[in-house]
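Novice: data_30.tsv (TSV, C-alpha atoms and all ligand atoms) pasted underneath:
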```tsv
chain	number	residue	atom	x	y	z
A	1	MET	CA	57.76	28.41	133.10
A	2	GLY	CA	56.12	25.41	131.54
A	3	LEU	CA	54.90	24.19	128.18
A	4	ARG	CA	53.39	26.50	125.64
A	5	ASN	CA	52.30	26.35	122.02
A	6	ASP	CA	53.52	28.74	119.35
A	7	GLN	CA	54.17	28.77	115.63
A	8	GLY	CA	56.43	30.56	113.21
A	9	ILE	CA	58.70	30.55	110.18
A	10	VAL	CA	62.27	29.32	110.70
A	11	LEU	CA	64.70	32.13	109.92
A	12	ARG	CA	68.02	30.45	110.69
A	13	GLY	CA	69.85	28.12	112.99
A	14	PHE	CA	73.34	27.54	114.27
A	15	PRO	CA	75.15	24.81	116.22
A	16	PHE	CA	74.94	24.97	119.99
A	17	GLY	CA	77.02	22.77	122.25
A	18	GLU	CA	77.92	19.32	121.01
A	19	ALA	CA	74.65	18.06	119.63
A	20	ASP	CA	72.11	20.86	119.87
A	21	ARG	CA	71.05	23.62	117.60
A	22	VAL	CA	69.69	27.09	118.28
A	23	VAL	CA	66.83	27.78	115.89
A	24	VAL	CA	65.58	31.34	115.39
A	25	ILE	CA	61.91	31.39	114.47
A	26	LEU	CA	59.62	34.33	113.65
A	27	SER	CA	56.32	33.98	115.47
A	28	PRO	CA	53.46	36.16	114.24
A	29	ASN	CA	52.56	37.27	117.75
A	30	HIS	CA	55.73	37.01	119.78
A	31	GLY	CA	58.45	38.21	117.43
A	32	LYS	CA	61.69	36.30	117.10
A	33	LEU	CA	61.90	33.17	119.21
A	34	ARG	CA	65.30	31.80	120.16
A	35	THR	CA	64.73	28.13	120.66
A	36	VAL	CA	66.97	25.16	121.18
A	37	ALA	CA	66.47	21.83	119.46
A	38	LYS	CA	68.25	19.21	121.54
A	39	GLY	CA	70.12	16.38	119.89
A	40	VAL	CA	69.24	17.72	116.47
A	41	ARG	CA	72.72	17.15	115.11
A	42	LYS	CA	72.69	13.44	115.78
A	43	THR	CA	71.98	11.37	112.71
A	44	LYS	CA	68.63	10.12	113.90
A	45	SER	CA	67.11	13.31	115.23
A	46	ARG	CA	63.41	13.15	115.95
A	47	PHE	CA	63.09	16.58	114.38
A	48	GLY	CA	64.29	15.43	110.94
A	49	GLY	CA	64.39	18.28	108.43
A	50	ARG	CA	61.49	20.11	109.99
A	51	LEU	CA	63.58	22.94	111.38
A	52	GLU	CA	65.18	24.00	108.10
A	53	PRO	CA	64.99	27.72	107.18
A	54	PHE	CA	61.72	28.88	105.52
A	55	THR	CA	59.62	26.10	107.09
A	56	HIS	CA	56.45	27.27	108.82
A	57	VAL	CA	56.16	25.12	111.93
A	58	ASP	CA	53.87	24.54	114.85
A	59	LEU	CA	55.77	24.12	118.10
A	60	ILE	CA	55.41	22.95	121.63
A	61	LEU	CA	58.02	24.73	123.68
A	62	TYR	CA	59.31	24.23	127.17
A	63	GLU	CA	60.01	27.70	128.48
A	64	GLY	CA	63.50	28.20	129.81
A	65	ARG	CA	65.31	31.09	131.40
A	66	ASN	CA	67.10	32.12	128.21
A	67	LEU	CA	66.10	29.74	125.46
A	68	ASP	CA	62.88	27.82	125.00
A	69	THR	CA	63.40	24.12	124.26
A	70	ILE	CA	61.49	22.61	121.36
A	71	THR	CA	59.72	19.48	122.58
A	72	GLN	CA	57.50	18.88	119.54
A	73	VAL	CA	57.45	20.30	116.03
A	74	SER	CA	55.05	19.74	113.17
A	75	VAL	CA	55.13	21.31	109.71
A	76	ILE	CA	52.38	23.73	108.70
A	77	GLU	CA	53.92	24.69	105.34
A	78	ALA	CA	57.18	23.29	103.94
A	79	PHE	CA	57.66	25.13	100.59
A	80	PRO	CA	59.21	22.10	98.82
A	81	LYS	CA	59.25	23.57	95.28
A	82	LEU	CA	61.04	26.70	96.41
A	83	ARG	CA	63.84	24.49	97.79
A	84	SER	CA	64.40	22.70	94.50
A	85	ASP	CA	65.57	25.79	92.67
A	86	LEU	CA	68.74	27.71	93.57
A	87	ASP	CA	67.46	31.12	92.43
A	88	ARG	CA	64.38	30.72	94.57
A	89	VAL	CA	66.40	29.55	97.57
A	90	LEU	CA	68.62	32.63	97.26
A	91	ALA	CA	65.62	34.92	96.94
A	92	ALA	CA	64.00	33.31	99.97
A	93	GLY	CA	67.28	33.72	101.84
A	94	THR	CA	67.27	37.44	101.08
A	95	MET	CA	63.67	37.76	102.26
A	96	VAL	CA	64.46	35.97	105.51
A	97	GLU	CA	67.59	38.05	106.03
A	98	ALA	CA	65.70	41.33	105.63
A	99	ILE	CA	62.90	40.20	107.95
A	100	ASP	CA	65.45	38.98	110.47
A	101	ALA	CA	67.01	42.46	110.44
A	102	VAL	CA	63.78	44.30	111.25
A	103	THR	CA	62.18	42.04	113.87
A	104	GLN	CA	62.89	41.74	117.57
A	105	GLU	CA	62.23	39.29	120.35
A	106	ASN	CA	59.15	39.64	122.51
A	107	GLU	CA	57.16	41.96	120.31
A	108	SER	CA	54.30	41.42	117.92
A	109	SER	CA	55.52	41.01	114.37
A	110	LEU	CA	52.35	40.05	112.56
A	111	ARG	CA	52.91	42.32	109.56
A	112	ALA	CA	56.49	41.15	109.08
A	113	PHE	CA	55.35	37.54	109.45
A	114	LEU	CA	52.57	37.91	106.90
A	115	LEU	CA	54.88	39.67	104.45
A	116	LEU	CA	57.43	36.86	104.71
A	117	GLN	CA	54.75	34.20	104.38
A	118	ARG	CA	53.38	35.86	101.23
A	119	GLY	CA	56.85	36.23	99.75
A	120	LEU	CA	57.66	32.55	100.34
A	121	ARG	CA	54.31	31.46	98.91
A	122	ILE	CA	54.90	33.46	95.73
A	123	LEU	CA	58.36	31.91	95.39
A	124	GLU	CA	56.81	28.48	95.94
A	125	SER	CA	54.35	29.04	93.12
A	126	GLY	CA	56.66	30.57	90.53
A	127	ALA	CA	60.09	31.71	89.49
A	128	ALA	CA	62.19	34.18	91.41
A	129	HIS	CA	62.52	37.59	89.84
A	130	LEU	CA	64.50	40.64	90.94
A	131	ASP	CA	61.32	42.74	90.80
A	132	LEU	CA	59.66	40.42	93.31
A	133	LEU	CA	62.59	40.96	95.68
A	134	THR	CA	62.45	44.71	95.12
A	135	ALA	CA	58.72	44.74	95.90
A	136	PHE	CA	59.39	42.59	98.96
A	137	LEU	CA	62.13	44.89	100.28
A	138	LEU	CA	59.88	47.92	99.71
A	139	GLY	CA	57.29	46.00	101.74
A	140	VAL	CA	59.86	45.57	104.51
A	141	ALA	CA	60.49	49.33	104.42
A	142	GLU	CA	56.76	49.89	104.80
A	143	VAL	CA	56.54	47.48	107.75
A	144	VAL	CA	59.21	49.43	109.61
A	145	GLY	CA	57.74	52.80	108.63
A	146	ILE	CA	60.45	54.05	106.30
A	147	SER	CA	58.76	53.78	102.90
A	148	PRO	CA	60.69	55.93	100.44
A	149	ALA	CA	58.77	58.60	98.56
A	150	PHE	CA	58.90	58.23	94.77
A	151	ASP	CA	56.18	60.70	93.81
A	152	HIS	CA	57.55	64.03	95.04
A	153	CYS	CA	60.86	65.71	95.68
A	154	ALA	CA	61.94	65.39	99.32
A	155	GLY	CA	63.37	68.91	99.05
A	156	CYS	CA	60.70	71.05	97.34
A	157	GLY	CA	57.75	68.72	96.83
A	158	ARG	CA	57.58	69.04	93.05
A	159	ARG	CA	56.26	66.03	91.19
A	160	ASP	CA	58.30	66.14	88.00
A	161	ASN	CA	61.97	65.90	87.10
A	162	LEU	CA	62.57	63.44	89.95
A	163	VAL	CA	65.93	62.24	88.75
A	164	ARG	CA	67.91	61.60	91.91
A	165	PHE	CA	67.51	59.37	94.95
A	166	SER	CA	68.72	60.27	98.41
A	167	PHE	CA	69.25	57.41	100.85
A	168	GLY	CA	69.35	59.75	103.84
A	169	ASP	CA	66.29	61.78	102.83
A	170	GLY	CA	64.39	58.59	102.08
A	171	GLY	CA	63.19	59.44	98.63
A	172	VAL	CA	63.65	61.07	95.27
A	173	LEU	CA	64.91	64.58	94.61
A	174	CYS	CA	64.76	66.97	91.71
A	175	GLU	CA	68.05	68.01	90.13
A	176	ARG	CA	67.98	71.40	91.87
A	177	ASP	CA	67.71	69.83	95.34
A	178	ARG	CA	70.37	67.19	94.80
A	179	THR	CA	72.32	66.45	97.94
A	180	PRO	CA	75.80	64.97	98.34
A	181	GLY	CA	75.53	61.18	98.27
A	182	SER	CA	72.33	61.14	96.25
A	183	VAL	CA	72.49	59.02	93.12
A	184	ALA	CA	71.24	59.75	89.63
A	185	LEU	CA	68.31	57.61	88.52
A	186	ARG	CA	67.98	56.54	84.93
A	187	ASP	CA	65.08	58.22	83.18
A	188	GLY	CA	61.96	56.20	84.04
A	189	LEU	CA	63.41	54.40	87.07
A	190	THR	CA	61.52	56.59	89.55
A	191	GLU	CA	58.20	55.57	87.97
A	192	TYR	CA	59.32	51.94	87.83
A	193	LEU	CA	60.10	51.93	91.57
A	194	ALA	CA	56.80	53.67	92.34
A	195	GLN	CA	54.93	50.97	90.41
A	196	LEU	CA	56.73	48.19	92.30
A	197	MET	CA	55.98	49.85	95.63
A	198	ASN	CA	52.28	50.16	94.85
A	199	ALA	CA	51.82	46.77	93.20
A	200	SER	CA	50.78	43.56	94.90
A	201	MET	CA	53.70	41.09	95.02
A	202	ASP	CA	51.64	38.42	93.27
A	203	ASP	CA	50.56	40.79	90.50
A	204	LEU	CA	53.64	42.80	89.56
A	205	PRO	CA	53.82	44.99	86.46
A	206	GLU	CA	55.60	43.52	83.47
A	207	ALA	CA	59.33	43.37	84.21
A	208	ASP	CA	61.69	45.60	82.27
A	209	PRO	CA	65.27	44.31	82.20
A	210	MET	CA	66.42	47.90	81.65
A	211	PHE	CA	65.27	48.76	85.17
A	212	SER	CA	65.13	45.61	87.31
A	213	GLY	CA	68.81	45.55	88.28
A	214	GLU	CA	68.96	49.23	89.20
A	215	ALA	CA	65.63	49.07	91.04
A	216	ILE	CA	66.85	46.32	93.37
A	217	GLY	CA	70.19	48.10	93.78
A	218	VAL	CA	68.63	51.37	94.93
A	219	THR	CA	66.14	49.58	97.19
A	220	ARG	CA	68.79	47.39	98.76
A	221	ARG	CA	71.11	50.31	99.46
A	222	PHE	CA	68.22	52.30	100.89
A	223	LEU	CA	67.32	49.52	103.34
A	224	GLU	CA	70.97	48.93	104.24
A	225	TYR	CA	71.41	52.64	104.94
A	226	HIS	CA	68.45	52.76	107.31
A	227	LEU	CA	68.98	49.40	108.97
A	228	ASP	CA	72.71	50.06	109.29
A	229	ARG	CA	73.31	46.53	108.14
A	230	ARG	CA	74.49	44.83	104.97
A	231	LEU	CA	72.15	42.45	103.22
A	232	GLY	CA	74.73	39.98	102.06
A	233	SER	CA	72.80	37.47	100.02
A	234	VAL	CA	74.04	36.65	96.57
A	235	ALA	CA	70.47	36.87	95.27
A	236	PHE	CA	71.34	40.42	94.26
A	237	ASP	CA	74.04	39.38	91.84
A	238	GLY	CA	71.63	37.93	89.31
W	301	ZN	ZN	63.09	69.61	94.56
```
Kindly return the structure encoded in the file as structure tokens.
Specialist:
Amino acid sequence: MGLRNDQGIVLRGFPFGEADRVVVILSPNHGKLRTVAKGVRKTKSRFGGRLEPFTHVDLILYEGRNLDTITQVSVIEAFPKLRSDLDRVLAAGTMVEAIDAVTQENESSLRAFLLLQRGLRILESGAAHLDLLTAFLLGVAEVVGISPAFDHCAGCGRRDNLVRFSFGDGGVLCERDRTPGSVALRDGLTEYLAQLMNASMDDLPEADPMFSGEAIGVTRRFLEYHLDRRLGSVAFDG
């Protein structure tokens, strides 16, 4: 026990006791940190707004038995533009929620951290788009090792006529290998999803409104199926 330095992106917080707040932070090297910010709910907290979700902070922590206490916090990256726009806040909330679902305490989470940091930086620099969220969620699937296959049938391996998606099989199927619970994909959606999976989040292919809504829907349901958890953010309703 003692003081130690760490850093991370604030995922969420909730009230604790009468005046304190538990703040859950994703550290690149130590996974999720459960910290407590004492007195943070008093009007003149010395932490100010520095422990709001999405903020990348540098911390000095006093190690406790269960929770580490934040003794000092400074902002590394605040993402102010993202916060001024509701669509971007909702998109950032979905990103944080998905990352929260796939990270643990006391384990390295560098890839998840870097993915979240990139996602927030892209939202900071431009508008939110469903395709960005789809690409982000496909990135989350990759981080946890469950990337869906869009280029061959999970049943027979063929590379054409990939018109159905199976959440359980983790990929597309041809019509002949359709399984109960698999969903039909609109013609062209398989290729659209494959493009989003292979693209860089800051250089996405031109969006097609015909496909964006269904692409996020399939990706979201796929992640929810494998994480056994709903992603509740209203960012999906756009
Ligand atoms: Zn097949």
Novice: Which distance in Å separates CA of Arg41 in chain A and CA of Val23 in chain A, to one decimal?
Specialist: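 Result for CA of Arg41 in chain A versus CA of Val23 in chain A: 12.2 Å, one decimal.
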Novice: Determine, for each residue of chain A having at least one atom at most 10 Å from an atom of ligand ZN 301 (chain W), the closest pair of atoms and their separation in Å to one decimal, counting all atoms listed in the file; order by chain and ascending number, as CSV.
Specialist:
```
residue,atom,partner,partner_atom,distance
A:His152,CA,W:ZN301,ZN,7.9
A:Cys153,CA,W:ZN301,ZN,4.6
A:Ala154,CA,W:ZN301,ZN,6.5
A:Gly155,CA,W:ZN301,ZN,4.6
A:Cys156,CA,W:ZN301,ZN,3.9
A:Gly157,CA,W:ZN301,ZN,5.9
A:Arg158,CA,W:ZN301,ZN,5.7
A:Arg159,CA,W:ZN301,ZN,8.4
A:Asp160,CA,W:ZN301,ZN,8.8
A:Asn161,CA,W:ZN301,ZN,8.4
A:Leu162,CA,W:ZN301,ZN,7.7
A:Val163,CA,W:ZN301,ZN,9.8
A:Arg164,CA,W:ZN301,ZN,9.7
A:Val172,CA,W:ZN301,ZN,8.6
A:Leu173,CA,W:ZN301,ZN,5.3
A:Cys174,CA,W:ZN301,ZN,4.2
A:Glu175,CA,W:ZN301,ZN,6.8
A:Arg176,CA,W:ZN301,ZN,5.9
A:Asp177,CA,W:ZN301,ZN,4.7
A:Arg178,CA,W:ZN301,ZN,7.7
```
Novice: Using all atoms listed in the file, which of the listed residues (A:Leu130, A:Ile76, A:Ile25, A:Leu185) sits closest to Asn106 in chain A?
Specialist: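 Under the stated criterion, the closest residue is A:Ile25.
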Novice: Point out the residue among A:Asp87, A:Glu206, A:Asp169, A:Glu214 with the least atom-to-atom distance to Asp187 in chain A, counting all atoms listed in the file.
Specialist: A:Glu214
Novice: Residues near Arg83 in chain A, anyone? I mean within 12 Å using only C-alpha atoms, not counting same-chain ones fewer than 2 positions away, as a count of residues only.
Specialist: 25
Novice: By how many Å are CA of Ala98 in chain A and CA of Gln7 in chain A apart?
Specialist: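 Those two atoms sit 19.8 Å apart.
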Novice: Can you pull out the residues contacting Gly145 in chain A? Cut-off 12 Å, using all atoms listed in the file, and skip same-chain residues under 6 positions away; I want them as a VMD selection string.
Specialist: chain A and resid 102 111 to 112 138 to 139 170 223 226 to 227
Novice: Padding 4 Å on every side, please: axis-aligned box over the listed atoms of range 76-92 of chain A, centre and edge lengths to one decimal in Å, as AutoDock Vina command-line options.
Specialist:
```
--center_x 60.6 --center_y 28.5 --center_z 100.6 --size_x 24.4 --size_y 20.8 --size_z 24.3
```
Novice: Can you measure CA of Leu67 in chain A to CA of Pro28 in chain A for me? One decimal in Å is fine.
Specialist: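 A separation of 18.1 Å between them.
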Novice: Considering all atoms listed in the file, can you say which of A:Gly213, A:Gly171, A:Pro148, A:Gly31 comes closest to Thr103 in chain A?
Specialist: A:Gly31
